[in-house]
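Peer 1: Below is the structure I would like to discuss, written out as structure tokens.
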Amino acid sequence: MMTLMEWLHSQPYPADDENLAADACLYLKKGAGRSLKAGGQWIYDNEVERIESGCGRAADAGPAESPAFANGSILKVCDFDGYDLGYGFINTISRIRVRMLARYEKDGITPAFLKARVRDAWNYRKAVIDPSCCRVIFGEADFLPGLTVDKFSDILVVESLALGTERFKIMILKELVDVLAEDGITIRGIYERSDAKVRTLEGLERTKGFIGPEFDTNVPIVENGVKYIVDVKDGQKTGFFLDQKKNRAAVADIVRRLRKQNAAKDFVHADPDSEGEATKQLEGPTVLDCFTHTGSFGLNCALAGAGSVLSVDASELAIHQAMENAKLNGLVPGELSMEEAAGTTDTGREAATASEGGSGICYLTADVFELLPRLEQAGRQYDVVILDPPAFTKSRQMTRNAIKGYREINLRGMRLVKDGGFLATCSCSHFMEEELFKKTLKEAAHGAHRRLRQIEFRTQAPDHPILWGDNESYYLKFLIFQVVRER
């Protein structure tokens with residue numbers, strides 16, 4: 001059977017020094033390109049003056065011919081006065097007319113140039129994070145626009161969202177596999193998850209499937225010492241949210257410290273069935289993990305010493321996978337109903353008490369917006385509450401509704417935190433900007449009659465770099481607070 005490396009090298013590629021750019025130049029309107037010149041990576045359709053064939057034409061060369069290029073080609077980009085601004089992918093179908101690829105490359109774009117881009121991305125990951133599981137390429141932030149590649153052990157998952165990237169996708173992946181091989185890393189397979197709706201805006205069909213040889217799409221990984229099975233075929237996005245890696249560790253560290261605090265307060269009591277033998281009881285902190293997806297925050301807390309964890313998600317598939325991940329880590333997961341979690345029935349009260357008494361980790365399939373008020377009504381209180389919701393808005397026009405959602409879950413979440421307990425909360429929406437998110441949290445705290453003592457403000461893990469000047473690369477805002485009652 002052909003290996004992935006053999007398959008990739010069997011595909012046709014241009015020579016390393018061949019210029020991949022079309023013989024055409026795009027000119028900006030006078031006064032346009034302000035975002036580009038401030039460090040942005042996109043040129044919009046209303047900023048383009050014209051596209052001409054031939055680059056570097058003499059002033060007396062006469063009228064320019066109609067340009068010959070295909071959408072997705074690499075074109076030279078110039079300011080209105082002919083000043084060289086670099087090279088980018090053109091797509092006349094998209095409102096994003098050009099995605100910049102290079103600023104200072106003067107002699108075109110070659111396969112060797114793309115390999116250097118890939119090598120830079122990999123060297124960066126090796127310097128800042130454990131690269132066994134990480135985002136190897138993060139689109140515009142790695143100057144490879146529209147392309148995302150996640151590495152799960154020896155499997156790559158690719159998402160291509162731009163027409164230009166689509167044309168050069170296999171070439172870039174071949175270069176990446178070669179670069180990893182130089183470090184002794186053999187990639188077993190590649191799965192494509194280019195099934196996001198945004199592809200249609202680029203004139204592309206949504207697609208998913210194997211690139212090269214097939215393999216088992218349930219991929220085992222280890223992150224922060226926690227074991228998972230990542231479903232790269234049917235899981236959300238690329239199968240696992242790598243961007244929260246450091247944030248999961250930060251919350252687990254708080255749970256670990258709370259556990260140590262409780263250990264110092266341990267008490268010894270006599271067991272009547274053991275003729276006075278002393279037994280020691282250790283009570284770990286209680287954790288409510290909302291929007292758990294495949295269980296990552298809850299599992300980090302459980303393995304850090306939480307006395308009990310209740311992990312909640314609306315997706316039955318996600319909860320099933322989370323329970324399997326719990327078993328993979330030697331835990332015995334329980335499954336609760338809404339009534340049991342809230343303790344609103346005799347059986348429910350017994351189940352909830354057992355869960356908080358240290359039975360480990362329990363799972364609940366439920367809408368968090370419905371669950372939180374019921375937990376509050378039932379008087380539930382937790383040492384740590386985690387809110388890791390999906391993006392409530394994917395456009396600036398929907399931000400107002402998103403604010404209501406974030407305010408609601410955070411207000412409810414704060415009320416469920418014990419006095420002096422901890423809240424970890426986040427927004428993964430690019431359009432929910434940092435100051436707006438903080439303002440929303442402040443309003444939620446006011447409504448909950450709680451004071452917030454900020455412990456940490458964090459963002460996405462460093463394998464998802466934030467490129468200054470490119471606002472689209474900054475999306476995850478993550479805060480940890482101590483929640484105290486107003487005094």
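Identifiers for the structure tokens are assigned positionally: chains receive A, B, ... in sequence, residues are indexed from 1 per chain, and ligands are indexed from 1 in the order shown.
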Near Ala318 of chain A, within 10 Å and counting only C-alpha atoms, which residues show up once chain neighbours fewer than 5 positions away are dropped, as a ChimeraX atom specification?
Peer 2: /A:235-236,291-295,312-313,323-324,365
Peer 1: Write the residues of the preceding selection, restricted to N, CA and C atoms, as a PDB file, in the first residue's frame.
Peer 2:
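Below you can see selection.pdb, which holds the result:
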ATOM      1  N   GLY A 235     -16.034  15.251  14.069  1.00  0.00           N
ATOM      2  CA  GLY A 235     -15.978  16.187  15.182  1.00  0.00           C
ATOM      3  C   GLY A 235     -16.137  17.617  14.699  1.00  0.00           C
ATOM      4  N   GLN A 236     -16.373  18.536  15.645  1.00  0.00           N
ATOM      5  CA  GLN A 236     -16.521  19.942  15.264  1.00  0.00           C
ATOM      6  C   GLN A 236     -15.203  20.486  14.713  1.00  0.00           C
ATOM      7  N   PHE A 291     -20.707  23.749  28.214  1.00  0.00           N
ATOM      8  CA  PHE A 291     -20.308  23.662  26.814  1.00  0.00           C
ATOM      9  C   PHE A 291     -19.027  22.824  26.701  1.00  0.00           C
ATOM     10  N   THR A 292     -19.068  21.640  27.273  1.00  0.00           N
ATOM     11  CA  THR A 292     -17.853  20.834  27.444  1.00  0.00           C
ATOM     12  C   THR A 292     -17.299  20.264  26.156  1.00  0.00           C
ATOM     13  N   HIS A 293     -18.121  20.200  25.091  1.00  0.00           N
ATOM     14  CA  HIS A 293     -17.724  19.576  23.829  1.00  0.00           C
ATOM     15  C   HIS A 293     -17.299  18.135  24.114  1.00  0.00           C
ATOM     16  N   THR A 294     -16.040  17.771  23.899  1.00  0.00           N
ATOM     17  CA  THR A 294     -15.624  16.391  24.158  1.00  0.00           C
ATOM     18  C   THR A 294     -14.958  16.228  25.524  1.00  0.00           C
ATOM     19  N   GLY A 295     -15.244  17.189  26.429  1.00  0.00           N
ATOM     20  CA  GLY A 295     -14.888  16.990  27.832  1.00  0.00           C
ATOM     21  C   GLY A 295     -13.575  17.549  28.310  1.00  0.00           C
ATOM     22  N   VAL A 312     -21.398  19.568  30.842  1.00  0.00           N
ATOM     23  CA  VAL A 312     -22.671  19.731  30.144  1.00  0.00           C
ATOM     24  C   VAL A 312     -22.439  20.158  28.699  1.00  0.00           C
ATOM     25  N   ASP A 313     -23.225  19.562  27.791  1.00  0.00           N
ATOM     26  CA  ASP A 313     -23.215  19.997  26.397  1.00  0.00           C
ATOM     27  C   ASP A 313     -24.555  19.627  25.776  1.00  0.00           C
ATOM     28  N   MET A 323     -17.577  11.049  27.431  1.00  0.00           N
ATOM     29  CA  MET A 323     -17.611   9.918  28.355  1.00  0.00           C
ATOM     30  C   MET A 323     -16.571   8.863  27.970  1.00  0.00           C
ATOM     31  N   GLU A 324     -16.399   8.647  26.672  1.00  0.00           N
ATOM     32  CA  GLU A 324     -15.357   7.718  26.223  1.00  0.00           C
ATOM     33  C   GLU A 324     -13.968   8.239  26.590  1.00  0.00           C
ATOM     34  N   THR A 365     -26.528  15.853  28.993  1.00  0.00           N
ATOM     35  CA  THR A 365     -26.887  16.423  27.700  1.00  0.00           C
ATOM     36  C   THR A 365     -28.016  17.413  27.921  1.00  0.00           C
TER      37      THR A 365
END
Peer 1: Within 12 Å of Lys245 of chain A, counting only C-alpha atoms, which residues show up once you throw out same-chain ones fewer than 2 positions away? Write them as JSON, numbers by chain, please.
Peer 2: {"A": [129, 130, 131, 133, 134, 135, 222, 223, 224, 225, 226, 240, 241, 242, 243, 247, 248, 249, 250, 251, 252, 296, 297, 300, 458, 459, 460, 461, 462, 463, 464, 478]}
Peer 1: Filtering to C-alpha atoms, could you give me those residues as an mmCIF file, in the first residue's frame?
Peer 2:
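again_18.cif was written with the following content:
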data_model
loop_
_atom_site.group_PDB
_atom_site.id
_atom_site.type_symbol
_atom_site.label_atom_id
_atom_site.label_comp_id
_atom_site.auth_asym_id
_atom_site.auth_seq_id
_atom_site.Cartn_x
_atom_site.Cartn_y
_atom_site.Cartn_z
ATOM 1 C CA ILE A 129 4.651 24.891 22.363
ATOM 2 C CA ASP A 130 4.700 21.111 22.567
ATOM 3 C CA PRO A 131 4.391 20.317 18.847
ATOM 4 C CA CYS A 133 -0.436 18.172 18.918
ATOM 5 C CA CYS A 134 -0.716 21.731 17.690
ATOM 6 C CA ARG A 135 -1.922 24.053 14.954
ATOM 7 C CA VAL A 222 -2.379 13.372 24.702
ATOM 8 C CA GLU A 223 -2.630 17.031 25.759
ATOM 9 C CA ASN A 224 -1.623 18.333 29.202
ATOM 10 C CA GLY A 225 -1.299 14.693 30.253
ATOM 11 C CA VAL A 226 -4.964 14.014 29.369
ATOM 12 C CA PHE A 240 -10.522 19.202 18.688
ATOM 13 C CA PHE A 241 -10.071 22.758 19.975
ATOM 14 C CA LEU A 242 -6.318 23.138 20.371
ATOM 15 C CA ASP A 243 -6.580 26.873 21.067
ATOM 16 C CA ASN A 247 -6.235 27.819 29.373
ATOM 17 C CA ARG A 248 -7.264 24.294 30.329
ATOM 18 C CA ALA A 249 -3.971 23.933 32.174
ATOM 19 C CA ALA A 250 -4.531 27.261 33.980
ATOM 20 C CA VAL A 251 -7.959 26.182 35.284
ATOM 21 C CA ALA A 252 -6.600 22.764 36.280
ATOM 22 C CA SER A 296 -11.517 18.708 27.815
ATOM 23 C CA PHE A 297 -11.912 21.314 30.594
ATOM 24 C CA ASN A 300 -8.317 18.488 33.131
ATOM 25 C CA ARG A 458 -5.523 35.034 28.478
ATOM 26 C CA THR A 459 -5.952 34.496 24.735
ATOM 27 C CA GLN A 460 -5.546 31.562 22.364
ATOM 28 C CA ALA A 461 -2.585 29.192 22.684
ATOM 29 C CA PRO A 462 0.640 30.397 21.005
ATOM 30 C CA ASP A 463 0.276 27.935 18.124
ATOM 31 C CA HIS A 464 -2.622 30.209 17.108
ATOM 32 C CA PHE A 478 -10.346 34.042 28.206
#
Peer 1: Just list the residues in segment 234-454 of chain A DSSP gives strand (DSSP E or B) on the backbone, as a count of residues only.
Peer 2: 49
Peer 1: Compile the contact shell of Gly33 of chain A as JSON, numbers by chain: residues with an atom at most 8 Å away, counting only C-alpha atoms, same-chain residues fewer than 5 positions apart removed.
Peer 2: {"A": [28, 43, 47]}
Peer 1: Please produce a file of the residues just selected, as an mmCIF file, in the first residue's frame, where the atoms kept are C-alpha atoms.
Peer 2:
data_model
loop_
_atom_site.group_PDB
_atom_site.id
_atom_site.type_symbol
_atom_site.label_atom_id
_atom_site.label_comp_id
_atom_site.auth_asym_id
_atom_site.auth_seq_id
_atom_site.Cartn_x
_atom_site.Cartn_y
_atom_site.Cartn_z
ATOM 1 C CA LEU A 28 -5.408 50.052 -5.728
ATOM 2 C CA ILE A 43 -7.843 43.921 -0.011
ATOM 3 C CA GLU A 47 -10.432 49.183 -3.049
#
Peer 1: Using only C-alpha atoms, determine which residues lie at most 8 Å from segment 329-331 of chain A, disregarding the query and same-chain residues fewer than 6 positions distant; provide the list as a PyMOL selection string.
Peer 2: chain A and resi 226-227+360-361
Peer 1: Output C-alpha atoms for every residue in that selection, as a compact mmCIF listing (two decimals), in the first residue's frame.
Peer 2:
# COMPACT_ATOMS: atom_id res chain seq x y z
CA VAL A 226 -4.96 14.01 29.37
CA LYS A 227 -5.83 11.34 26.81
CA GLY A 360 -15.93 11.70 40.09
CA ILE A 361 -17.20 13.04 36.80
Peer 1: Return the single residue from A:His449, A:Arg97, A:Arg34, A:Lys151 that is closest to Thr238 of chain A, with distances computed using only C-alpha atoms.
Peer 2: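 Among the listed residues, the smallest separation from Thr238 of chain A belongs to A:Lys151.
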Peer 1: When you count only C-alpha atoms, which of these residues is closest to Met100 of chain A: A:Asp470, A:Glu140, A:Asp120, A:Glu182?
Peer 2: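 Selected residue with least distance to Met100 of chain A: A:Glu140.
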Peer 1: Quick one: contact table of segment 21-60 of chain A to segment 109-119 of chain A, 12 Å max, nearest atom pair and distance in Å to one decimal per residue, counting only C-alpha atoms, chain and number order, as CSV?
Peer 2:
residue,atom,partner,partner_atom,distance
A:Ala21,CA,A:Ile109,CA,5.9
A:Ala22,CA,A:Ile109,CA,9.7
A:Asp23,CA,A:Ile109,CA,11.7
Peer 1: Restricting the calculation to only C-alpha atoms, which member of A:Ile211, A:Leu387, A:Ile172, A:Ala162 is positioned closest to Leu4 of chain A?
Peer 2: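 So, comparing all the options, the nearest one is A:Ile211.
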Peer 1: Using only C-alpha atoms, which of A:Tyr363, A:Trp122, A:Tyr44, A:Phe215 sits nearest Thr3 of chain A?
Peer 2: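 When distances to Thr3 of chain A are compared using only C-alpha atoms, the smallest one comes from A:Phe215.
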Peer 1: Within 8 Å of Lys233 of chain A, counting only C-alpha atoms, which residues qualify if same-chain residues fewer than 3 places away don't, as a list in words?
Peer 2: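 The contact residues come out as Tyr191, Arg193, Lys208, Gly209, Thr217, Asn218, Thr238 and Gly239 of chain A.
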Peer 1: Find the residues around Glu192 of chain A up to 12 Å (only C-alpha atoms counted), leave out those fewer than 5 positions away in its own chain, and share them as a PyMOL selection string.
Peer 2: chain A and resi 147-150+155-161+166+169-170+173+206-212+214+217+232-234+237-239
Peer 1: To one decimal in Å, tell me the separation between atom CA of Glu6 of chain A and atom CA of Gly189 of chain A.
Peer 2: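 Between atom CA of Glu6 of chain A and atom CA of Gly189 of chain A the gap is 11.4 Å.
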